[in-house]
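Undergrad: Quick one: this structure, given as structure tokens, is what I'll be asking you about.
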Protein chains: 6
Amino acid sequence: MSDAPTTRRDEALALLARLEPEAPAKVARNLDDFDADAVEILLGFAFADVVARDGLDIRTREMLTVAMLGAMGTAQGQLEFHLRAALNTGVTREEVVEIVLQVAVYAGIPAAMNAMSAAKAAFRAQEAV
Amino acid sequence: MSDAPTTRRDEALALLARLEPEAPAKVARNLDDFDADAVEILLGFAFADVVARDGLDIRTREMLTVAMLGAMGTAQGQLEFHLRAALNTGVTREEVVEIVLQVAVYAGIPAAMNAMSAAKAAFRAQEAV
Amino acid sequence: MSDAPTTRRDEALALLARLEPEAPAKVARNLDDFDADAVEILLGFAFADVVARDGLDIRTREMLTVAMLGAMGTAQGQLEFHLRAALNTGVTREEVVEIVLQVAVYAGIPAAMNAMSAAKAAFRAQEAV
Amino acid sequence: MSDAPTTRRDEALALLARLEPEAPAKVARNLDDFDADAVEILLGFAFADVVARDGLDIRTREMLTVAMLGAMGTAQGQLEFHLRAALNTGVTREEVVEIVLQVAVYAGIPAAMNAMSAAKAAFRAQEAV
Amino acid sequence: MSDAPTTRRDEALALLARLEPEAPAKVARNLDDFDADAVEILLGFAFADVVARDGLDIRTREMLTVAMLGAMGTAQGQLEFHLRAALNTGVTREEVVEIVLQVAVYAGIPAAMNAMSAAKAAFRAQEAV
Amino acid sequence: MSDAPTTRRDEALALLARLEPEAPAKVARNLDDFDADAVEILLGFAFADVVARDGLDIRTREMLTVAMLGAMGTAQGQLEFHLRAALNTGVTREEVVEIVLQVAVYAGIPAAMNAMSAAKAAFRAQEAV
């Protein structure tokens with residue numbers, strides 16, 4: 001960041017970098033390729049407007065995101081990303097196990113099984129680094 | 001609890017009492033009236049087997065539950081209950097606001113609006129005590 | 001029914017009458033009031049084309065419907081209707097209890113709690129007759 | 001709009017007024033009462049960043065919103081609001097009927113029945129004006 | 001089509017051909033292989049009874065379908081098909097971008113990201129022709 | 001089962017073996033690898049506490065599970081497993097076809113199309129044995 005005023009785009013990508021260092025380049029390219037405003041609109045809302053707020057630490061926020069995506073069951077790839085982000089922001093594997101078990105209570109066993117698969121993939125990715 | 005061996009039913013209801021003091025009597029009656037095993041099977045799984053585990057504190061667990069129910073959008077009454085339980089276990093109103101905003105990111109604005117309504121009902125219930 | 005050829009509308013309403021005797025008049029009026037073709041299109045598909053088929057008996061079909069609506073959690077009123085229809089087509093209360101417990105396994109405890117509420121309402125309606 | 005710099009909040013509420021004249025006052029009060037930033041974050045994203053864009057006219061956008069909320073089935077109150085907004089922005093009752101029937105194809109008969117109920121409520125509200 | 005009376009099956013497949021010329025052969029074979037009545041029951045309902053109706057043009061209908069499938073998030077393959085169908089029936093890429101952004105508002109960022117992936121696949125398929 | 005006290009883990013795996021002979025070894029390894037308690041908590045709840053109950057025969061239970069997973073649309077892999085389990089516990093292919101058609105009524109055509117794909121995969125797996 002320079003002295004130049006920080007844009008929502010910059011803020012969003014800076015937050016995304018905290019979740020996974022290589023994510024901003026990849027995600028921004030993916031979105032820019034779709035629409036010039038998509039990064040600012042979608043990631044600006046998600047990461048500059050909401051997730052960057054002070055009221056909750058990033059570690060707790062990632063736990064919430066993992067729980068939500070696990071319960072919804074409609075975005076397996078993004079669940080894997082946020083499980084890696086959870087580990088990257090200080091959530092322990094033991095805590096991930098607890099979240100997966102709690103997903104079973106509120107969204108059923110199949111949702112928990114899918115979350116477990118995503119968690120294992122995130123654990124393996126962490127070991128591969 | 002006495003010296004008598006604690007059953008899963010007892011364990012589940014003890015955990016439920018931590019969420020809301022008047023809940024065990026009400027919920028147990030509601031379930032017993034449906035099936036003699038329902039408390040043990042459903043609440044035993046939820047509260048004795050999972051939520052009572054050590055790996056996450058109850059306050060964090062209630063935050064996760066609020067996020068999941070808010071994102072799923074299919075259990076407004078239980079979302080209100082768990083918002084009261086969140087407040088009862090130490091989650092602040094400011095944190096509830098953050099969770100609601102984060103629900104908007106991952107499940108959309110209507111889900112967040114419904115979660116906001118439930119949160120306001122929980123805030124009012126807290127004031128009425 | 002007369003000697004006249006049976007239409008899909010007639011077939012659909014005849015099946016609906018097996019689920020609840022008073023349903024055809026109420027549902028048809030509700031749909032006719034919306035669009036002249038709605039009964040044939042929506043109920044014709046549901047009840048003449050699918051539910052009236054021979055491959056499964058109506059009692060089993062109502063069990064499946066209760067399970068699906070319980071798991072989806074987005075149509076509480078229709079879940080109550082199909083619980084009454086299940087009882088009307090020979091599903092026992094004990095079997096309803098089992099379906100509700102199985103909903104908990106596949107869709108989570110809140111879905112099962114909502115299904116239990118609908119089941120109790122259906123039980124009460126049956127007693128009120 | 002005056003010479004004064006327009007904020008995202010103002011832009012969002014201006015768009016909301018096109019959907020229903022009385023909505024901005026009611027919705028803003030509801031959100032402000034929850035969190036000072038909620039209008040800008042939630043409505044700013046929804047109505048200033050996305051719905052106000054030129055790429056689709058507001059009438060088509062409301063049709064899309066009605067279809068989405070009908071298919072999701074988790075926000076009946078907001079579905080009713082957007083059905084009124086659809087009528088207010090030029091969608092005809094006949095088109096609403098078509099959308100409801102199309103919801104049945106992609107999300108099932110119960111979703112369509114719930115959308116029909118919301119549509120009828122919106123039709124009645126329109127007549128009551 | 002000949003002088004012979006048109007069946008619902010024929011009508012459904014004729015509509016499907018408007019969405020994608022090669023679809024009828026592929027989809028019919030896929031369904032016939034499952035059950036002899038499946039094309040008439042499922043596609044007859046979808047395409048002969050509903051989507052072929054006059055009340056909305058096919059281009060608008062495909063926009064609605066894309067929005068619904070994007071918001072529901074449970075049928076990625078069919079979302080891709082309907083994005084191709086949308087392009088084939090006159091929806092522009094710019095309009096697809098708008099629909100994807102609107103999915104974010106009503107169903108959350110992950111749903112929009114998945115819809116964006118499907119949209120890109122449809123854009124590539126269009127270029128490959 | 002021997003004279004030794006049967007644990008919930010044993011009970012759960014015994015039930016799972018009735019669904020598919022090779023499942024217990026595979027599923028237990030998958031879960032044990034994640035958390036030492038996961039088999040007992042998740043499978044104990046699903047298969048020892050609920051599915052093993054007397055109130056419904058296993059064949060009917062698998063029909064219900066197939067219908068629920070088909071309607072929810074969020075666990076395609078587990079839907080395939082339970083379709084194989086349905087065939088293994090006496091559900092006929094003709095009955096599977098009926099369930100898939102009924103999924104279309106209550107959850108929409110795309111859900112049914114996905115369930116049909118899973119059903120075909122289960123049919124092929126059965127033939128490959």
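In the structure tokens, each chain is lettered A, B, ... as it comes, each chain's residues begin at 1, and ligands are numbered from 1 in order of appearance.
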Near chain D, which residues of chain A fall within 8 Å when you count only C-alpha atoms, and what do they look like as a PyMOL selection string?
TA: chain A and resi 41+45+49-50
Undergrad: Using only C-alpha atoms, find each residue of range 23-127 of chain B with at least one atom at most 7 Å away from an atom of range 9-14 of chain B; report its shortest atom-to-atom pair and that distance in Å (one decimal), sort the rows by chain and rising residue number, and return the result as CSV.
TA:
```
residue,atom,partner,partner_atom,distance
B:Pro24,CA,B:Leu13,CA,5.4
B:Val39,CA,B:Arg9,CA,6.4
B:Glu40,CA,B:Arg9,CA,4.8
B:Leu43,CA,B:Ala12,CA,5.6
B:Gly44,CA,B:Ala12,CA,5.2
B:Phe47,CA,B:Ala12,CA,4.7
B:Ala48,CA,B:Ala12,CA,4.6
```
Undergrad: Convert the current residue selection to file output with N, CA and C atoms, as a PDB file, in the first residue's frame.
TA:
```
ATOM      1  N   PRO B  24     -34.949 -26.553  29.769  1.00  0.00           N
ATOM      2  CA  PRO B  24     -35.071 -28.015  29.939  1.00  0.00           C
ATOM      3  C   PRO B  24     -36.498 -28.474  30.226  1.00  0.00           C
ATOM      4  N   VAL B  39     -36.061 -37.234  23.736  1.00  0.00           N
ATOM      5  CA  VAL B  39     -35.092 -36.399  24.450  1.00  0.00           C
ATOM      6  C   VAL B  39     -33.714 -37.039  24.393  1.00  0.00           C
ATOM      7  N   GLU B  40     -33.656 -38.320  24.721  1.00  0.00           N
ATOM      8  CA  GLU B  40     -32.335 -38.950  24.730  1.00  0.00           C
ATOM      9  C   GLU B  40     -31.717 -38.966  23.335  1.00  0.00           C
ATOM     10  N   LEU B  43     -31.790 -34.733  21.861  1.00  0.00           N
ATOM     11  CA  LEU B  43     -31.012 -33.839  22.708  1.00  0.00           C
ATOM     12  C   LEU B  43     -29.725 -34.505  23.195  1.00  0.00           C
ATOM     13  N   GLY B  44     -29.781 -35.837  23.360  1.00  0.00           N
ATOM     14  CA  GLY B  44     -28.557 -36.551  23.749  1.00  0.00           C
ATOM     15  C   GLY B  44     -27.478 -36.357  22.700  1.00  0.00           C
ATOM     16  N   PHE B  47     -26.725 -32.240  22.604  1.00  0.00           N
ATOM     17  CA  PHE B  47     -26.154 -31.533  23.749  1.00  0.00           C
ATOM     18  C   PHE B  47     -25.218 -32.386  24.609  1.00  0.00           C
ATOM     19  N   ALA B  48     -25.494 -33.701  24.724  1.00  0.00           N
ATOM     20  CA  ALA B  48     -24.572 -34.519  25.509  1.00  0.00           C
ATOM     21  C   ALA B  48     -23.369 -34.947  24.668  1.00  0.00           C
TER      22      ALA B  48
END
```
Undergrad: DSSP on the backbone: which residues in chain B end up as helix (DSSP H, G or I)? Give the answer as a PyMOL selection string.
TA: chain B and resi 8-19+23-32+38-51+58-72+76-88+93-107+109-128
Undergrad: Set the distance at 9 Å and use only C-alpha atoms: which residues neighbour range 18-21 of chain E once local chain neighbours fewer than 3 positions away are removed? I'd like the list as a list in words.
TA: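 Listing them by chain and then by number gives Leu13, Ala14, Leu15, Pro24, Ala25, Ile58, Glu62, Phe81, His82, Arg84, Ala85, Ala86, Leu87, Asn88 and Thr89 of chain E.
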Undergrad: Take the selection from the previous step and output its residues with N, CA, C and O atoms, as a PDB file, in the first residue's frame.
TA:
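Okay, part16.pdb is ready:
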```
ATOM      1  N   LEU E  13     -39.917 -31.641 -26.269  1.00  0.00           N
ATOM      2  CA  LEU E  13     -38.629 -31.747 -26.962  1.00  0.00           C
ATOM      3  C   LEU E  13     -38.448 -30.608 -27.962  1.00  0.00           C
ATOM      4  O   LEU E  13     -37.323 -30.140 -28.187  1.00  0.00           O
ATOM      5  N   ALA E  14     -39.545 -30.149 -28.543  1.00  0.00           N
ATOM      6  CA  ALA E  14     -39.450 -29.007 -29.467  1.00  0.00           C
ATOM      7  C   ALA E  14     -38.999 -27.755 -28.721  1.00  0.00           C
ATOM      8  O   ALA E  14     -38.183 -26.963 -29.214  1.00  0.00           O
ATOM      9  N   LEU E  15     -39.523 -27.570 -27.513  1.00  0.00           N
ATOM     10  CA  LEU E  15     -39.090 -26.418 -26.716  1.00  0.00           C
ATOM     11  C   LEU E  15     -37.631 -26.557 -26.326  1.00  0.00           C
ATOM     12  O   LEU E  15     -36.840 -25.610 -26.390  1.00  0.00           O
ATOM     13  N   PRO E  24     -32.348 -32.129 -27.208  1.00  0.00           N
ATOM     14  CA  PRO E  24     -33.443 -33.133 -27.201  1.00  0.00           C
ATOM     15  C   PRO E  24     -32.943 -34.565 -27.337  1.00  0.00           C
ATOM     16  O   PRO E  24     -33.347 -35.439 -26.560  1.00  0.00           O
ATOM     17  N   ALA E  25     -32.073 -34.821 -28.286  1.00  0.00           N
ATOM     18  CA  ALA E  25     -31.585 -36.184 -28.484  1.00  0.00           C
ATOM     19  C   ALA E  25     -30.900 -36.699 -27.229  1.00  0.00           C
ATOM     20  O   ALA E  25     -31.146 -37.821 -26.770  1.00  0.00           O
ATOM     21  N   ILE E  58     -39.234 -16.630 -24.100  1.00  0.00           N
ATOM     22  CA  ILE E  58     -38.260 -17.655 -23.699  1.00  0.00           C
ATOM     23  C   ILE E  58     -36.978 -17.034 -23.143  1.00  0.00           C
ATOM     24  O   ILE E  58     -36.356 -17.577 -22.224  1.00  0.00           O
ATOM     25  N   GLU E  62     -35.439 -17.907 -19.480  1.00  0.00           N
ATOM     26  CA  GLU E  62     -34.104 -18.446 -19.206  1.00  0.00           C
ATOM     27  C   GLU E  62     -33.346 -17.584 -18.194  1.00  0.00           C
ATOM     28  O   GLU E  62     -32.567 -18.111 -17.383  1.00  0.00           O
ATOM     29  N   PHE E  81     -26.094 -25.640 -18.255  1.00  0.00           N
ATOM     30  CA  PHE E  81     -26.959 -25.838 -19.423  1.00  0.00           C
ATOM     31  C   PHE E  81     -27.835 -24.611 -19.655  1.00  0.00           C
ATOM     32  O   PHE E  81     -27.953 -24.119 -20.786  1.00  0.00           O
ATOM     33  N   HIS E  82     -28.459 -24.115 -18.600  1.00  0.00           N
ATOM     34  CA  HIS E  82     -29.390 -22.992 -18.778  1.00  0.00           C
ATOM     35  C   HIS E  82     -28.643 -21.685 -19.057  1.00  0.00           C
ATOM     36  O   HIS E  82     -29.229 -20.762 -19.628  1.00  0.00           O
ATOM     37  N   ARG E  84     -26.041 -21.668 -21.091  1.00  0.00           N
ATOM     38  CA  ARG E  84     -25.886 -21.805 -22.548  1.00  0.00           C
ATOM     39  C   ARG E  84     -27.217 -21.499 -23.239  1.00  0.00           C
ATOM     40  O   ARG E  84     -27.265 -20.798 -24.254  1.00  0.00           O
ATOM     41  N   ALA E  85     -28.307 -22.028 -22.659  1.00  0.00           N
ATOM     42  CA  ALA E  85     -29.630 -21.777 -23.233  1.00  0.00           C
ATOM     43  C   ALA E  85     -29.968 -20.287 -23.200  1.00  0.00           C
ATOM     44  O   ALA E  85     -30.589 -19.762 -24.135  1.00  0.00           O
ATOM     45  N   ALA E  86     -29.570 -19.625 -22.133  1.00  0.00           N
ATOM     46  CA  ALA E  86     -29.809 -18.182 -22.036  1.00  0.00           C
ATOM     47  C   ALA E  86     -29.096 -17.466 -23.183  1.00  0.00           C
ATOM     48  O   ALA E  86     -29.690 -16.633 -23.891  1.00  0.00           O
ATOM     49  N   LEU E  87     -27.829 -17.795 -23.401  1.00  0.00           N
ATOM     50  CA  LEU E  87     -27.084 -17.175 -24.498  1.00  0.00           C
ATOM     51  C   LEU E  87     -27.726 -17.529 -25.837  1.00  0.00           C
ATOM     52  O   LEU E  87     -27.819 -16.677 -26.736  1.00  0.00           O
ATOM     53  N   ASN E  88     -28.194 -18.751 -25.974  1.00  0.00           N
ATOM     54  CA  ASN E  88     -28.824 -19.194 -27.230  1.00  0.00           C
ATOM     55  C   ASN E  88     -30.163 -18.516 -27.510  1.00  0.00           C
ATOM     56  O   ASN E  88     -30.625 -18.505 -28.656  1.00  0.00           O
ATOM     57  N   THR E  89     -30.811 -18.025 -26.476  1.00  0.00           N
ATOM     58  CA  THR E  89     -32.125 -17.403 -26.669  1.00  0.00           C
ATOM     59  C   THR E  89     -32.046 -15.882 -26.588  1.00  0.00           C
ATOM     60  O   THR E  89     -33.070 -15.219 -26.426  1.00  0.00           O
TER      61      THR E  89
END
```
Undergrad: Pick out the residues sitting within 10 Å of Gly77 in chain F, and hand them over as number ranges by chain; count only C-alpha atoms, and ignore anything fewer than 4 positions along from it in its own chain.
TA: A: 110, 114; F: 69, 81-83, 118
Undergrad: Mind writing the picked residues with C-alpha atoms as a compact mmCIF listing (two decimals), in the first residue's frame?
TA:
```txt
# COMPACT_ATOMS: atom_id res chain seq x y z
CA PRO A 110 -24.48 -35.82 5.32
CA ASN A 114 -19.06 -33.43 3.37
CA LEU F 69 -31.20 -36.64 -0.01
CA PHE F 81 -24.54 -44.70 -1.47
CA HIS F 82 -28.11 -44.80 -0.17
CA LEU F 83 -29.44 -45.74 -3.59
CA ALA F 118 -27.32 -41.07 -8.93
```
Undergrad: Just give me the gap between CA of Ala112 in chain F and CA of Gly70 in chain F in Å, one decimal is fine.
TA: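 For CA of Ala112 in chain F relative to CA of Gly70 in chain F, the distance reads 6.9 Å.
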Undergrad: Residues at most 10 Å from range 29-35 of chain C, counting only C-alpha atoms, excluding those fewer than 5 positions away in the same chain, as a ChimeraX atom specification?
TA: /C:23-24,40,42-43 /D:93-94,97-98,101,113,116-117,119-120
Undergrad: Using CA of Gln102 in chain D and CA of Val27 in chain E as the two end points, give the distance in Å to one decimal.
TA: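 Separating CA of Gln102 in chain D from CA of Val27 in chain E is a distance of 19.6 Å.
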Undergrad: Tell me which protein, DNA and RNA residues are within 9 Å of Gly73 in chain E, counting only C-alpha atoms, leaving out same-chain ones fewer than 5 positions away, and put them as a ChimeraX atom specification.
TA: /A:73-75 /E:68,79,107,110-111,114-115 /F:73-74
Undergrad: Between CA of Gly55 in chain B and CA of Glu95 in chain A, measure the distance and give it in Å to one decimal.
TA: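 Calculated distance between CA of Gly55 in chain B and CA of Glu95 in chain A is 6.1 Å.
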